[in-house]
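Asker: This is data.txt (compact mmCIF, C-alpha atoms and all ligand atoms).
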# COMPACT_ATOMS: atom_id res chain seq x y z
CA MET A 1 18.22 15.74 30.05
CA THR A 2 21.48 14.51 28.61
CA ALA A 3 21.50 11.81 25.95
CA PRO A 4 23.14 8.50 26.88
CA ALA A 5 26.72 7.96 25.73
CA LEU A 6 27.34 6.45 22.29
CA PRO A 7 31.03 5.55 22.52
CA ALA A 8 32.54 4.40 19.24
CA HIS A 9 34.52 1.20 18.74
CA ILE A 10 38.15 2.32 18.85
CA GLU A 11 40.98 0.47 17.10
CA PRO A 12 44.40 0.05 18.78
CA TRP A 13 46.03 2.72 16.55
CA GLU A 14 43.50 5.26 17.77
CA GLN A 15 43.78 4.19 21.41
CA GLN A 16 47.51 4.78 21.04
CA LEU A 17 46.91 8.21 19.48
CA LEU A 18 44.51 9.23 22.24
CA ALA A 19 46.81 7.92 24.97
CA ASP A 20 49.92 9.68 23.63
CA PRO A 21 50.46 12.73 25.87
CA ASN A 22 51.87 14.88 23.06
CA LEU A 23 51.14 13.70 19.54
CA LEU A 24 47.66 15.16 19.00
CA GLY A 25 48.59 18.43 20.68
CA ASP A 26 51.75 18.69 18.59
CA ILE A 27 49.88 18.11 15.33
CA ALA A 28 47.22 20.67 16.36
CA PHE A 29 49.97 23.15 17.17
CA ALA A 30 51.67 22.56 13.81
CA LEU A 31 48.50 22.85 11.74
CA GLY A 32 46.67 25.47 13.78
CA GLY A 33 43.12 24.35 13.05
CA PRO A 34 40.92 21.31 12.56
CA PHE A 35 42.47 18.31 10.81
CA HIS A 36 41.72 14.74 9.80
CA VAL A 37 43.88 11.75 10.71
CA LEU A 38 44.08 8.60 8.63
CA TYR A 39 45.75 5.30 9.40
CA PRO A 40 46.14 3.53 6.04
CA ASP A 41 47.33 0.24 7.59
CA ARG A 42 43.75 -0.21 8.78
CA VAL A 43 42.53 0.06 5.15
CA ARG A 44 44.95 -2.73 4.23
CA ASP A 45 43.52 -4.89 7.05
CA VAL A 46 39.95 -4.28 5.88
CA VAL A 47 40.89 -5.17 2.29
CA ALA A 48 42.45 -8.36 3.65
CA GLY A 49 39.20 -9.12 5.49
CA PHE A 50 37.13 -8.82 2.29
CA ARG A 51 39.65 -10.97 0.44
CA ALA A 52 39.51 -13.61 3.21
CA ALA A 53 35.70 -13.72 2.87
CA PHE A 54 36.04 -14.46 -0.85
CA GLU A 55 38.69 -17.11 -0.22
CA ALA A 56 36.70 -18.82 2.55
CA ALA A 57 33.76 -19.13 0.14
CA GLY A 58 36.03 -20.34 -2.68
CA VAL A 59 34.88 -17.46 -4.89
CA ASP A 60 36.94 -15.47 -7.38
CA GLY A 61 36.40 -11.93 -6.08
CA ALA A 62 37.61 -8.40 -6.73
CA ILE A 63 37.41 -5.35 -4.48
CA TYR A 64 37.12 -1.80 -5.86
CA PHE A 65 37.16 0.98 -3.25
CA GLY A 66 34.33 3.50 -3.83
CA LYS A 67 36.59 6.56 -3.98
CA LYS A 68 33.79 9.06 -3.42
CA ALA A 69 33.87 8.05 0.26
CA ASN A 70 37.30 9.68 0.83
CA LYS A 71 39.71 11.72 -1.28
CA ALA A 72 42.89 11.01 0.70
CA ALA A 73 45.83 9.95 -1.43
CA CYS A 74 46.98 7.52 1.27
CA VAL A 75 43.74 5.52 0.95
CA ALA A 76 44.13 4.99 -2.81
CA ARG A 77 47.79 4.13 -2.17
CA ALA A 78 46.78 1.56 0.48
CA CYS A 79 44.38 0.04 -2.07
CA ALA A 80 47.15 -0.18 -4.69
CA GLU A 81 49.50 -1.75 -2.19
CA SER A 82 46.98 -4.29 -0.98
CA GLY A 83 45.65 -5.36 -4.39
CA ALA A 84 42.29 -3.58 -4.30
CA GLY A 85 41.10 -1.56 -7.28
CA VAL A 86 39.28 1.78 -7.15
CA ASP A 87 35.76 2.68 -8.30
CA VAL A 88 35.75 6.21 -9.77
CA SER A 89 33.08 8.44 -11.30
CA SER A 90 35.02 11.45 -12.54
CA ILE A 91 38.23 12.33 -14.33
CA GLY A 92 39.54 13.84 -11.10
CA GLU A 93 38.99 10.59 -9.20
CA LEU A 94 40.50 8.60 -12.07
CA ASN A 95 43.62 10.77 -12.14
CA SER A 96 44.13 10.63 -8.40
CA ALA A 97 43.76 6.84 -8.38
CA LEU A 98 46.34 6.48 -11.16
CA ALA A 99 48.66 8.87 -9.31
CA GLN A 100 48.64 6.52 -6.32
CA GLY A 101 49.62 3.46 -8.32
CA ILE A 102 46.23 2.04 -9.32
CA ARG A 103 46.65 0.59 -12.82
CA GLY A 104 44.10 1.04 -15.60
CA PRO A 105 42.56 -2.45 -15.38
CA GLU A 106 42.21 -1.94 -11.61
CA LEU A 107 39.78 0.93 -12.23
CA LEU A 108 36.02 0.50 -12.24
CA ILE A 109 34.11 3.41 -13.75
CA THR A 110 30.64 4.05 -12.30
CA GLY A 111 28.16 6.93 -12.43
CA PRO A 112 25.43 7.87 -14.90
CA ALA A 113 25.91 9.32 -18.43
CA LYS A 114 29.65 9.75 -18.17
CA SER A 115 31.37 12.52 -20.10
CA ARG A 116 33.00 11.63 -23.41
CA ASP A 117 36.40 12.50 -21.93
CA LEU A 118 35.89 10.15 -18.99
CA LEU A 119 34.78 7.31 -21.29
CA TRP A 120 37.76 7.95 -23.58
CA LEU A 121 40.30 8.00 -20.74
CA ALA A 122 38.77 4.94 -19.11
CA ALA A 123 38.84 2.98 -22.36
CA ARG A 124 42.44 4.08 -23.07
CA HIS A 125 43.46 2.81 -19.62
CA GLY A 126 41.69 -0.52 -20.06
CA ALA A 127 39.32 0.15 -17.15
CA LEU A 128 36.14 -1.83 -16.52
CA ILE A 129 33.30 0.56 -17.42
CA THR A 130 29.74 0.29 -16.12
CA VAL A 131 27.31 1.43 -18.78
CA ASP A 132 24.11 3.09 -17.59
CA SER A 133 22.04 3.19 -20.82
CA PRO A 134 22.08 1.83 -24.39
CA ALA A 135 22.91 5.39 -25.54
CA GLU A 136 25.97 5.39 -23.34
CA TRP A 137 27.01 2.04 -24.83
CA ASP A 138 26.75 3.64 -28.28
CA ARG A 139 28.85 6.63 -27.20
CA LEU A 140 31.51 4.26 -25.86
CA ALA A 141 31.45 2.16 -29.03
CA GLU A 142 31.80 5.29 -31.20
CA LEU A 143 35.21 5.93 -29.64
CA GLY A 144 36.44 2.85 -31.51
CA ILE A 145 38.65 1.77 -28.59
CA ALA A 146 38.48 -1.80 -27.28
CA ALA A 147 36.65 -1.59 -23.94
CA GLN A 148 35.25 -3.90 -21.26
CA ALA A 149 31.76 -2.94 -20.10
CA LEU A 150 29.28 -3.99 -17.43
CA SER A 151 25.59 -3.32 -18.03
CA ARG A 152 24.15 -1.67 -14.92
CA VAL A 153 20.88 -3.22 -13.80
CA ARG A 154 18.18 -1.03 -12.25
CA PRO A 155 17.03 -2.84 -9.09
CA PRO A 156 13.62 -4.45 -9.74
CA GLY A 157 10.70 -2.45 -8.40
CA SER A 158 12.80 0.64 -7.83
CA ASP A 159 12.53 4.16 -9.21
CA SER A 160 16.29 4.62 -9.15
CA ARG A 161 17.61 6.97 -11.79
CA PHE A 162 20.59 4.61 -12.15
CA GLY A 163 20.73 1.42 -14.14
CA MET A 164 18.71 -0.02 -16.99
CA THR A 165 15.24 -1.50 -17.27
CA ASP A 166 14.75 -5.01 -18.65
CA ASP A 167 14.06 -3.56 -22.12
CA GLU A 168 17.21 -1.46 -22.09
CA LEU A 169 19.29 -4.40 -20.89
CA ASP A 170 17.83 -6.53 -23.67
CA ARG A 171 18.73 -3.91 -26.27
CA ILE A 172 22.38 -4.17 -25.26
CA LEU A 173 22.21 -7.98 -25.27
CA ALA A 174 20.93 -7.77 -28.82
CA PHE A 175 23.99 -5.84 -30.02
CA PRO A 176 26.08 -8.31 -31.99
CA PRO A 177 29.18 -9.40 -30.06
CA GLY A 178 32.49 -8.62 -31.72
CA GLY A 179 32.37 -4.80 -31.67
CA PRO A 180 34.94 -2.69 -29.82
CA VAL A 181 32.89 -2.82 -26.60
CA ARG A 182 32.69 -6.26 -25.00
CA LEU A 183 29.92 -7.08 -22.54
CA ALA A 184 32.05 -8.35 -19.63
CA GLY A 185 29.05 -8.73 -17.30
CA PHE A 186 26.51 -6.87 -15.17
CA SER A 187 26.48 -4.62 -12.11
CA PHE A 188 24.03 -3.15 -9.65
CA HIS A 189 24.10 -1.01 -6.51
CA LEU A 190 21.37 -1.15 -3.89
CA GLY A 191 20.43 1.39 -1.24
CA GLY A 192 20.25 0.13 2.35
CA TYR A 193 22.39 -2.55 3.93
CA ASP A 194 20.44 -5.76 3.46
CA PRO A 195 22.70 -8.72 2.53
CA ILE A 196 19.78 -10.91 1.45
CA ALA A 197 18.46 -8.38 -1.08
CA ARG A 198 21.96 -8.24 -2.57
CA ALA A 199 22.31 -12.03 -2.71
CA GLU A 200 18.91 -12.41 -4.36
CA LEU A 201 19.56 -9.77 -6.98
CA ALA A 202 22.98 -11.38 -7.60
CA LEU A 203 21.27 -14.74 -8.19
CA ALA A 204 18.80 -13.13 -10.61
CA THR A 205 21.64 -11.34 -12.39
CA LEU A 206 23.49 -14.64 -12.82
CA GLU A 207 20.59 -15.64 -15.06
CA ARG A 208 21.33 -12.62 -17.22
CA ILE A 209 24.98 -13.63 -17.43
CA ARG A 210 23.97 -17.10 -18.63
CA LEU A 211 21.69 -15.60 -21.26
CA ALA A 212 24.40 -13.18 -22.39
CA ARG A 213 26.78 -16.10 -22.89
CA VAL A 214 24.22 -17.98 -24.95
CA LEU A 215 24.05 -14.88 -27.16
CA GLY A 216 27.84 -14.94 -27.59
CA HIS A 217 28.88 -12.22 -25.10
CA PRO A 218 31.98 -12.94 -23.00
CA ALA A 219 30.20 -12.18 -19.69
CA THR A 220 32.16 -13.32 -16.63
CA VAL A 221 31.79 -10.48 -14.08
CA LEU A 222 29.01 -9.61 -11.63
CA SER A 223 29.33 -6.48 -9.47
CA ILE A 224 27.02 -6.19 -6.48
CA GLY A 225 28.10 -2.59 -5.76
CA GLY A 226 28.71 -1.13 -2.32
CA GLY A 227 26.51 -0.59 0.71
CA PHE A 228 28.45 -2.81 3.11
CA GLY A 229 27.41 -1.68 6.57
CA VAL A 230 29.65 -0.26 9.28
CA ASP A 231 29.30 -1.01 12.98
CA TYR A 232 30.18 2.25 14.75
CA VAL A 233 28.87 1.69 18.29
CA PRO A 234 28.08 -1.31 20.54
CA ALA A 235 24.62 -2.83 20.82
CA GLY A 236 23.66 -1.66 24.34
CA PRO A 237 24.22 2.09 23.93
CA TRP A 238 22.55 2.00 20.50
CA ARG A 239 19.51 0.23 21.96
CA ASP A 240 19.26 2.89 24.69
CA PHE A 241 19.56 5.67 22.13
CA VAL A 242 16.87 4.27 19.85
CA ALA A 243 14.54 3.59 22.78
CA GLY A 244 14.71 7.09 24.22
CA VAL A 245 15.59 9.47 21.41
CA GLY A 246 13.61 12.69 21.24
CA PRO A 247 14.04 16.47 21.03
CA HIS A 248 14.60 16.61 24.81
CA TRP A 249 18.15 15.29 24.23
CA PHE A 250 19.10 17.93 21.69
CA HIS A 251 20.18 21.56 21.82
CA ALA A 252 17.31 23.86 20.81
CA GLY A 253 14.90 20.87 20.86
CA LYS A 254 16.21 19.76 17.48
CA ASN A 255 14.58 16.70 15.96
CA PHE A 256 15.87 14.44 13.19
CA GLU A 257 13.69 12.06 11.21
CA SER A 258 16.27 9.34 10.72
CA TYR A 259 19.80 8.22 11.47
CA TYR A 260 22.34 5.92 9.90
CA PRO A 261 22.04 2.53 11.71
CA TYR A 262 25.18 3.09 13.79
CA HIS A 263 25.05 -0.40 15.27
CA GLN A 264 25.17 -3.11 12.63
CA PRO A 265 26.33 -6.58 13.57
CA GLY A 266 27.45 -8.62 10.58
CA SER A 267 28.75 -5.60 8.69
CA GLY A 268 31.73 -5.14 6.33
CA ALA A 269 33.39 -8.38 5.24
CA ASP A 270 31.00 -10.40 7.45
CA MET A 271 28.17 -9.06 5.32
CA LEU A 272 29.96 -10.35 2.23
CA THR A 273 30.16 -13.78 3.88
CA THR A 274 26.39 -13.68 4.50
CA ILE A 275 25.74 -12.68 0.88
CA LEU A 276 27.93 -15.47 -0.49
CA GLY A 277 26.30 -18.02 1.82
CA HIS A 278 22.73 -17.15 0.85
CA GLN A 279 21.04 -19.79 -1.31
CA ASP A 280 24.35 -21.23 -2.40
CA LEU A 281 25.39 -18.07 -4.26
CA ALA A 282 29.07 -18.97 -3.81
CA ARG A 283 28.57 -22.40 -5.37
CA GLN A 284 26.69 -20.94 -8.30
CA LEU A 285 29.37 -18.33 -8.93
CA ARG A 286 31.99 -21.10 -8.91
CA ALA A 287 29.91 -23.33 -11.16
CA ASP A 288 29.42 -20.51 -13.68
CA GLY A 289 33.02 -19.30 -13.47
CA VAL A 290 31.84 -15.80 -12.55
CA ARG A 291 34.00 -13.24 -10.76
CA LEU A 292 32.12 -11.36 -8.02
CA VAL A 293 33.00 -7.68 -7.67
CA VAL A 294 32.30 -5.50 -4.61
CA GLU A 295 32.54 -1.70 -4.45
CA PRO A 296 32.72 -0.85 -0.74
CA GLY A 297 33.23 2.82 0.10
CA ARG A 298 32.29 3.44 3.72
CA ALA A 299 33.09 -0.11 4.88
CA LEU A 300 36.62 -0.08 3.45
CA LEU A 301 37.34 2.94 5.67
CA ASP A 302 35.82 1.56 8.85
CA ARG A 303 37.89 2.83 11.83
CA ALA A 304 40.62 4.09 9.51
CA GLY A 305 40.38 7.79 10.36
CA SER A 306 39.07 10.48 12.70
CA THR A 307 38.51 14.22 12.67
CA VAL A 308 40.01 16.59 15.23
CA PHE A 309 38.52 20.00 16.05
CA PRO A 310 40.05 22.53 18.46
CA VAL A 311 37.67 23.99 21.05
CA GLN A 312 37.54 27.76 20.44
CA GLY A 313 34.72 28.86 22.69
CA VAL A 314 32.58 27.63 25.59
CA LYS A 315 29.16 28.94 26.72
CA SER A 316 26.93 27.67 29.52
CA ARG A 317 23.31 26.92 28.69
CA THR A 318 20.42 25.23 30.46
CA ALA A 319 17.80 22.82 29.15
CA HIS A 320 15.05 21.16 31.17
CA GLY A 321 16.68 22.59 34.31
CA SER A 322 20.12 21.02 33.64
CA PRO A 323 23.23 22.94 32.61
CA TYR A 324 25.30 22.03 29.57
CA GLN A 325 28.16 23.48 27.59
CA LEU A 326 27.63 24.87 24.13
CA LEU A 327 31.03 24.57 22.45
CA THR A 328 32.29 26.31 19.33
CA VAL A 329 35.06 24.47 17.54
CA GLY A 330 37.42 25.67 14.83
CA GLY A 331 36.07 24.50 11.46
CA SER A 332 32.55 23.62 10.42
CA SER A 333 30.10 20.78 10.17
CA LEU A 334 31.01 20.58 6.47
CA SER A 335 33.83 18.37 7.82
CA LEU A 336 31.27 16.06 9.43
CA SER A 337 28.90 15.52 6.56
CA GLU A 338 25.88 13.96 8.21
CA GLN A 339 24.29 17.35 9.00
CA TRP A 340 24.14 17.98 5.26
CA PHE A 341 21.88 14.93 4.90
CA ASP A 342 19.58 16.39 7.56
CA SER A 343 20.82 13.95 10.14
CA GLU A 344 23.48 13.82 12.86
CA TYR A 345 26.74 11.91 13.20
CA LEU A 346 26.16 10.10 16.48
CA PRO A 347 29.36 8.34 17.65
CA ASP A 348 30.59 10.39 20.62
CA PRO A 349 33.55 12.71 20.16
CA VAL A 350 36.39 12.20 22.64
CA LEU A 351 37.52 15.22 24.69
CA TRP A 352 41.32 15.42 24.74
CA PRO A 353 43.44 15.48 26.81
CA VAL A 354 42.02 13.13 29.40
CA ARG A 355 41.86 15.05 32.70
CA PRO A 356 39.93 14.56 35.93
CA GLY A 357 36.81 16.69 36.23
CA THR A 358 33.07 16.74 36.69
CA PRO A 359 30.94 14.96 34.07
CA THR A 360 29.42 17.65 31.85
CA ALA A 361 27.09 17.57 28.85
CA MET A 362 28.03 19.35 25.64
CA ALA A 363 26.56 20.31 22.29
CA VAL A 364 29.00 21.35 19.57
CA GLY A 365 28.79 24.07 16.93
CA GLY A 366 31.15 25.13 14.15
CA SER A 367 32.78 28.53 13.76
CA THR A 368 30.68 29.82 10.85
CA CYS A 369 27.85 32.35 11.14
CA LEU A 370 25.15 29.79 10.33
CA GLU A 371 22.72 28.89 13.09
CA THR A 372 22.52 25.40 11.62
CA ASP A 373 26.29 24.83 11.60
CA MET A 374 26.19 22.30 14.42
CA LEU A 375 28.43 19.24 14.60
CA SER A 376 26.43 17.76 17.48
CA TRP A 377 22.99 19.08 18.44
CA ARG A 378 22.78 16.17 20.84
CA ARG A 379 23.85 16.99 24.41
CA ILE A 380 26.64 14.46 24.74
CA PRO A 381 27.89 13.33 28.15
CA ALA A 382 31.60 14.22 28.50
CA PRO A 383 33.76 13.08 31.46
CA ARG A 384 34.73 16.68 32.29
CA ALA A 385 34.00 20.24 31.27
CA ALA A 386 35.69 21.37 28.05
CA ALA A 387 37.99 24.40 27.91
CA VAL A 388 39.33 26.53 25.08
CA GLY A 389 42.40 24.79 23.64
CA ASP A 390 41.08 21.26 24.21
CA LEU A 391 40.62 18.99 21.22
CA LEU A 392 37.46 17.11 20.26
CA ILE A 393 38.11 13.95 18.29
CA TYR A 394 35.19 12.61 16.26
CA PRO A 395 35.96 8.93 15.66
CA ASN A 396 35.53 6.85 12.51
CA THR A 397 34.91 9.72 10.11
CA ALA A 398 36.94 8.45 7.12
CA GLY A 399 33.87 7.04 5.34
CA TYR A 400 32.03 10.05 3.81
CA GLN A 401 32.07 12.23 6.95
CA MET A 402 35.40 13.95 6.61
CA ASP A 403 35.61 15.31 3.14
CA SER A 404 32.62 14.63 0.94
CA ASN A 405 31.06 18.06 1.62
CA GLU A 406 33.95 20.25 2.61
CA SER A 407 34.12 23.72 1.14
CA ALA A 408 36.04 26.86 1.99
CA PHE A 409 32.86 28.61 3.18
CA HIS A 410 33.81 31.79 5.05
CA GLU A 411 37.28 31.23 3.60
CA LEU A 412 37.93 28.91 6.50
CA PRO A 413 40.83 26.67 5.45
CA ILE A 414 39.84 23.13 4.51
CA PRO A 415 41.20 20.79 7.18
CA GLN A 416 44.43 19.11 6.21
CA LYS A 417 44.80 15.35 6.26
CA VAL A 418 47.43 13.79 8.48
CA VAL A 419 48.66 10.26 7.79
CA LEU A 420 49.76 8.16 10.74
CA HIS A 421 52.30 5.38 10.44
CA ASP A 422 53.80 2.99 12.96
CA ALA A 423 57.34 4.03 13.80
CA PRO A 424 60.24 2.14 15.38
CA GLY A 425 59.93 1.89 19.15
CA GLY A 426 56.17 1.33 19.07
CA ARG A 427 55.48 5.02 18.34
CA LEU A 428 53.16 6.62 15.83
CA ARG A 429 54.55 9.32 13.55
CA TRP A 430 52.79 11.61 11.11
CA ARG A 431 53.09 13.43 7.83
CA LEU A 432 50.69 15.34 5.63
CA ASP A 433 48.72 13.43 3.01
CA THR A 434 50.35 14.40 -0.27
CA PRO A 435 48.51 13.80 -3.55
C1 LIG B 1 27.73 2.51 -7.81
C2 LIG B 1 28.21 2.64 -6.40
N1 LIG B 1 29.14 1.78 -5.95
C3 LIG B 1 29.60 1.86 -4.68
C4 LIG B 1 29.15 2.82 -3.81
C5 LIG B 1 29.71 2.86 -2.42
O1 LIG B 1 28.72 2.65 -1.45
P1 LIG B 1 29.11 2.45 0.07
O2 LIG B 1 30.00 3.55 0.49
O3 LIG B 1 27.80 2.47 0.80
O4 LIG B 1 29.80 1.11 0.18
C6 LIG B 1 28.17 3.74 -4.24
C7 LIG B 1 27.66 4.78 -3.33
O5 LIG B 1 26.80 5.55 -3.61
C8 LIG B 1 27.70 3.64 -5.58
O6 LIG B 1 26.79 4.51 -6.05
What is this file in structure tokens?
Answerer:
Amino acid sequence: MTAPALPAHIEPWEQQLLADPNLLGDIAFALGGPFHVLYPDRVRDVVAGFRAAFEAAGVDGAIYFGKKANKAACVARACAESGAGVDVSSIGELNSALAQGIRGPELLITGPAKSRDLLWLAARHGALITVDSPAEWDRLAELGIAAQALSRVRPPGSDSRFGMTDDELDRILAFPPGGPVRLAGFSFHLGGYDPIARAELALATLERIRLARVLGHPATVLSIGGGFGVDYVPAGPWRDFVAGVGPHWFHAGKNFESYYPYHQPGSGADMLTTILGHQDLARQLRADGVRLVVEPGRALLDRAGSTVFPVQGVKSRTAHGSPYQLLTVGGSSLSLSEQWFDSEYLPDPVLWPVRPGTPTAMAVGGSTCLETDMLSWRRIPAPRAAAVGDLLIYPNTAGYQMDSNESAFHELPIPQKVVLHDAPGGRLRWRLDTP
């Protein structure tokens, strides 16, 4: 009872990495443990795709990378080099964005009830600051520094702890314009990946912008947040997975309630095109002279990085009368965050190097003492049996998977990040990601 394959979409840079007979093995030898690889040129391409969607719709747009999705310095640097800003929620994130060349006005500050120090630094750097309550507006104003603010809207009908109710938004509108804090516009962030819900809330929020202007506020910006979907696997395998999924496919009969929708047509920049096309949103933004802001985290990192684990141990097990391998890899599932949201990261890991052999199913655990430290409970079909010293490459992990939950539990070293660049002669070469 092996689950069907869920092969990930693989970009050319990664095909080249996997096909290189030495590179991955050499990096593994140099680093001696699990590691992440990032290819920042892909981030530049994704930024270009979002920008093209704005241009095609004739809309003034700005892209701020949701930094929480990945801490790598090379990602913030790629944003700086390609004209994207960065959305940060802490002083640490702010500092690392600045250190990679993001300028103050290219910062967007999000998060609830920000510390006084974060508000002060953000205002000093001329960042765009989302304000989450009238009290936070007051705390920002008390600093006496000229600042640009967006009022964050709580999605209608939601119980979100973020954003303001109609009453709270009205209280800010009633503040007389002309103080140190200027109301530059509004923002929201929705859960889920529905483009239509985003377009409709954007249209409703345009009404607020018009009202703000009538009241004398210089409102010209509307941020629709992040939540741009990522298409990890093709339609057919995803359909087969959804149709047949059950505990019989998982080591120890494990069962998960829900999964990220790993197949999403119309994701990323295509989703932005859908949003802009809904009910003439693009035309209305143009007519009102409003700049549309997006804050993609996961989608900006789509196919820009992978995580490599060395196989450290192999056991044979049997389920429903069929044998499978239970692998232990160096490192832990803290470097593949989905388990920490009580779910599983489903795109299939690739067993490297490619060698002939007998197709074999595998489940994958980490090298900590926790029973639950499993990277893949699912018995995944591999083209051959794994052996100690092989590498397992989990694809497309740059968005949230690789480093949002890492810790030095067990004093295991935190995996290093390796940056890949194209080199003369059609090669890839690598260096460590240096903050
Ligand atoms: C305010 C805000 N903006 C942007 C994002 C990024 O979301 P995503 O990675 O789904 O694009 C988040 C994620 O939680 C968020 O809270």
Asker: What residues have any atom no more than 6 Å from ligand LIG 1 (chain B) when counting only C-alpha atoms and all ligand atoms, and can you list them as a PyMOL selection string?
Answerer: chain A and resi 66+69+110+189+225-228+295-299
Asker: Please, which residues are within 9 Å of (33.4, 13.6, 39.9) by the file's coordinates, counting all atoms listed in the file, and could they come as a list in words?
Answerer: Pro356, Gly357, Thr358, Pro359, Pro383 and Arg384 of chain A
Asker: Just want the 7 Å neighbourhood of Pro134 of chain A, counted on all atoms listed in the file, with same-chain residues fewer than 5 positions away dropped. Output as a PDB file with C-alpha atoms, in the frame of the given file.
Answerer:
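Just written: part.pdb:
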ATOM      1  CA  GLU A 168      17.210  -1.460 -22.090  1.00  0.00           C
ATOM      2  CA  ARG A 171      18.730  -3.910 -26.270  1.00  0.00           C
ATOM      3  CA  ILE A 172      22.380  -4.170 -25.260  1.00  0.00           C
TER       4      ILE A 172
END
Asker: Go through A:Leu140, A:Tyr345, A:Ala8, A:Gly25 and flag the residue nearest Phe256 of chain A, using all atoms listed in the file for the distances.
Answerer: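 The shortest atom-to-atom distance to Phe256 of chain A comes from A:Tyr345.
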Asker: For Ser133 of chain A, list every protein, DNA or RNA residue within 10 Å, evaluated using all atoms listed in the file, and leave out those in the same chain fewer than 5 positions away; present the list as number ranges by chain.
Answerer: A: 112-113, 138-139, 151-153, 162-165, 168-169, 171-172
Asker: Just the selected residues (C-alpha atoms), exported as a compact mmCIF listing (two decimals), keeping the file's coordinate frame, please.
Answerer:
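Contents of again.txt, freshly written:
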# COMPACT_ATOMS: atom_id res chain seq x y z
CA PRO A 112 25.43 7.87 -14.90
CA ALA A 113 25.91 9.32 -18.43
CA ASP A 138 26.75 3.64 -28.28
CA ARG A 139 28.85 6.63 -27.20
CA SER A 151 25.59 -3.32 -18.03
CA ARG A 152 24.15 -1.67 -14.92
CA VAL A 153 20.88 -3.22 -13.80
CA PHE A 162 20.59 4.61 -12.15
CA GLY A 163 20.73 1.42 -14.14
CA MET A 164 18.71 -0.02 -16.99
CA THR A 165 15.24 -1.50 -17.27
CA GLU A 168 17.21 -1.46 -22.09
CA LEU A 169 19.29 -4.40 -20.89
CA ARG A 171 18.73 -3.91 -26.27
CA ILE A 172 22.38 -4.17 -25.26
Asker: Using all atoms listed in the file for the distances, tell me which of A:Leu420, A:Ala99, A:Ala127, A:Val86 is nearest to Gly305 of chain A.
Answerer: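 Smallest distance to Gly305 of chain A is found for A:Leu420.
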Asker: By how many Å are atom CA of Ala382 of chain A and atom CA of Ser306 of chain A apart?
Answerer: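 Computing the Euclidean distance for atom CA of Ala382 of chain A and atom CA of Ser306 of chain A yields 17.9 Å.
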Asker: Please report the interatomic distance between atom CA of Gly277 of chain A and atom CA of Gly399 of chain A in Å with one decimal.
Answerer: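 Computing the Euclidean distance for atom CA of Gly277 of chain A and atom CA of Gly399 of chain A yields 26.4 Å.
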Asker: Could you name the residues that touch segment 389-395 of chain A at 10 Å or less, counting all atoms listed in the file, but leaving out those on the same chain fewer than 5 positions away, as an MDAnalysis selection string?
Answerer: chainID A and resid 7:11 14 18 24:25 28 34:37 232 303:313 329:330 336 345:354 364 375 401:402
Asker: Between atom CA of Ile145 of chain A and atom CA of Asp167 of chain A, what distance in Å does the model show, to one decimal?
Answerer: 26.0 Å
Asker: Which is closest to Gly179 of chain A among A:Leu412, A:Leu143, A:Val214, A:Leu201, if we use all atoms listed in the file?
Answerer: A:Leu143
Asker: Counting only C-alpha atoms, figure out which residue out of A:Arg161, A:Arg317, A:His421, A:Arg378 gets nearest to Asn255 of chain A.
Answerer: A:Arg378
Asker: Please determine, counting all atoms listed in the file, which residue among A:Ala146, A:Phe175, A:Phe188, A:Val242 has the shortest atom-to-atom distance to Ser158 of chain A.
Answerer: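 Answer, going by the shortest atom-to-atom distance: A:Phe188.
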Asker: Counting all atoms listed in the file, which residue out of A:Arg198, A:Arg355, A:Arg429, A:Lys254 sits closest to Pro155 of chain A?
Answerer: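 Once distances to Pro155 of chain A are computed over all atoms listed in the file, the minimum belongs to A:Arg198.
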Asker: Within 10 Å of Glu200 of chain A, counting all atoms listed in the file, which residues show up once you throw out same-chain ones fewer than 5 positions away? Write them as a PDB file with C-alpha atoms, in the frame of the given file, please.
Answerer:
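out-v1.pdb, freshly written:
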ATOM      1  CA  PRO A 195      22.700  -8.720   2.530  1.00  0.00           C
ATOM      2  CA  THR A 205      21.640 -11.340 -12.390  1.00  0.00           C
ATOM      3  CA  LEU A 206      23.490 -14.640 -12.820  1.00  0.00           C
ATOM      4  CA  ILE A 275      25.740 -12.680   0.880  1.00  0.00           C
ATOM      5  CA  HIS A 278      22.730 -17.150   0.850  1.00  0.00           C
ATOM      6  CA  GLN A 279      21.040 -19.790  -1.310  1.00  0.00           C
ATOM      7  CA  LEU A 281      25.390 -18.070  -4.260  1.00  0.00           C
TER       8      LEU A 281
END
Asker: To box segment 204-219 of chain A, take all atoms listed in the file, fit an axis-aligned box, add 8 Å on each side, and give centre and edge lengths in Å to one decimal, as AutoDock Vina command-line options.
Answerer:
--center_x 25.4 --center_y -14.7 --center_z -19.1 --size_x 29.2 --size_y 22.6 --size_z 33.0
Asker: From (44.1, 0.8, -19.3), in the file's coordinates, out to 9 Å: which residues are reached, counting all atoms listed in the file? Answer as a ChimeraX atom specification.
Answerer: /A:103-107,121-128
Asker: Which residues, written as a list in words, have at least one atom at most 8 Å from Asp302 of chain A, with all atoms listed in the file counted and residues fewer than 4 positions away on the same chain left out?
Answerer: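 Here the answer would be Val43, Val46, Val230, Arg298, Asn396, Ala398 and Gly399 of chain A.
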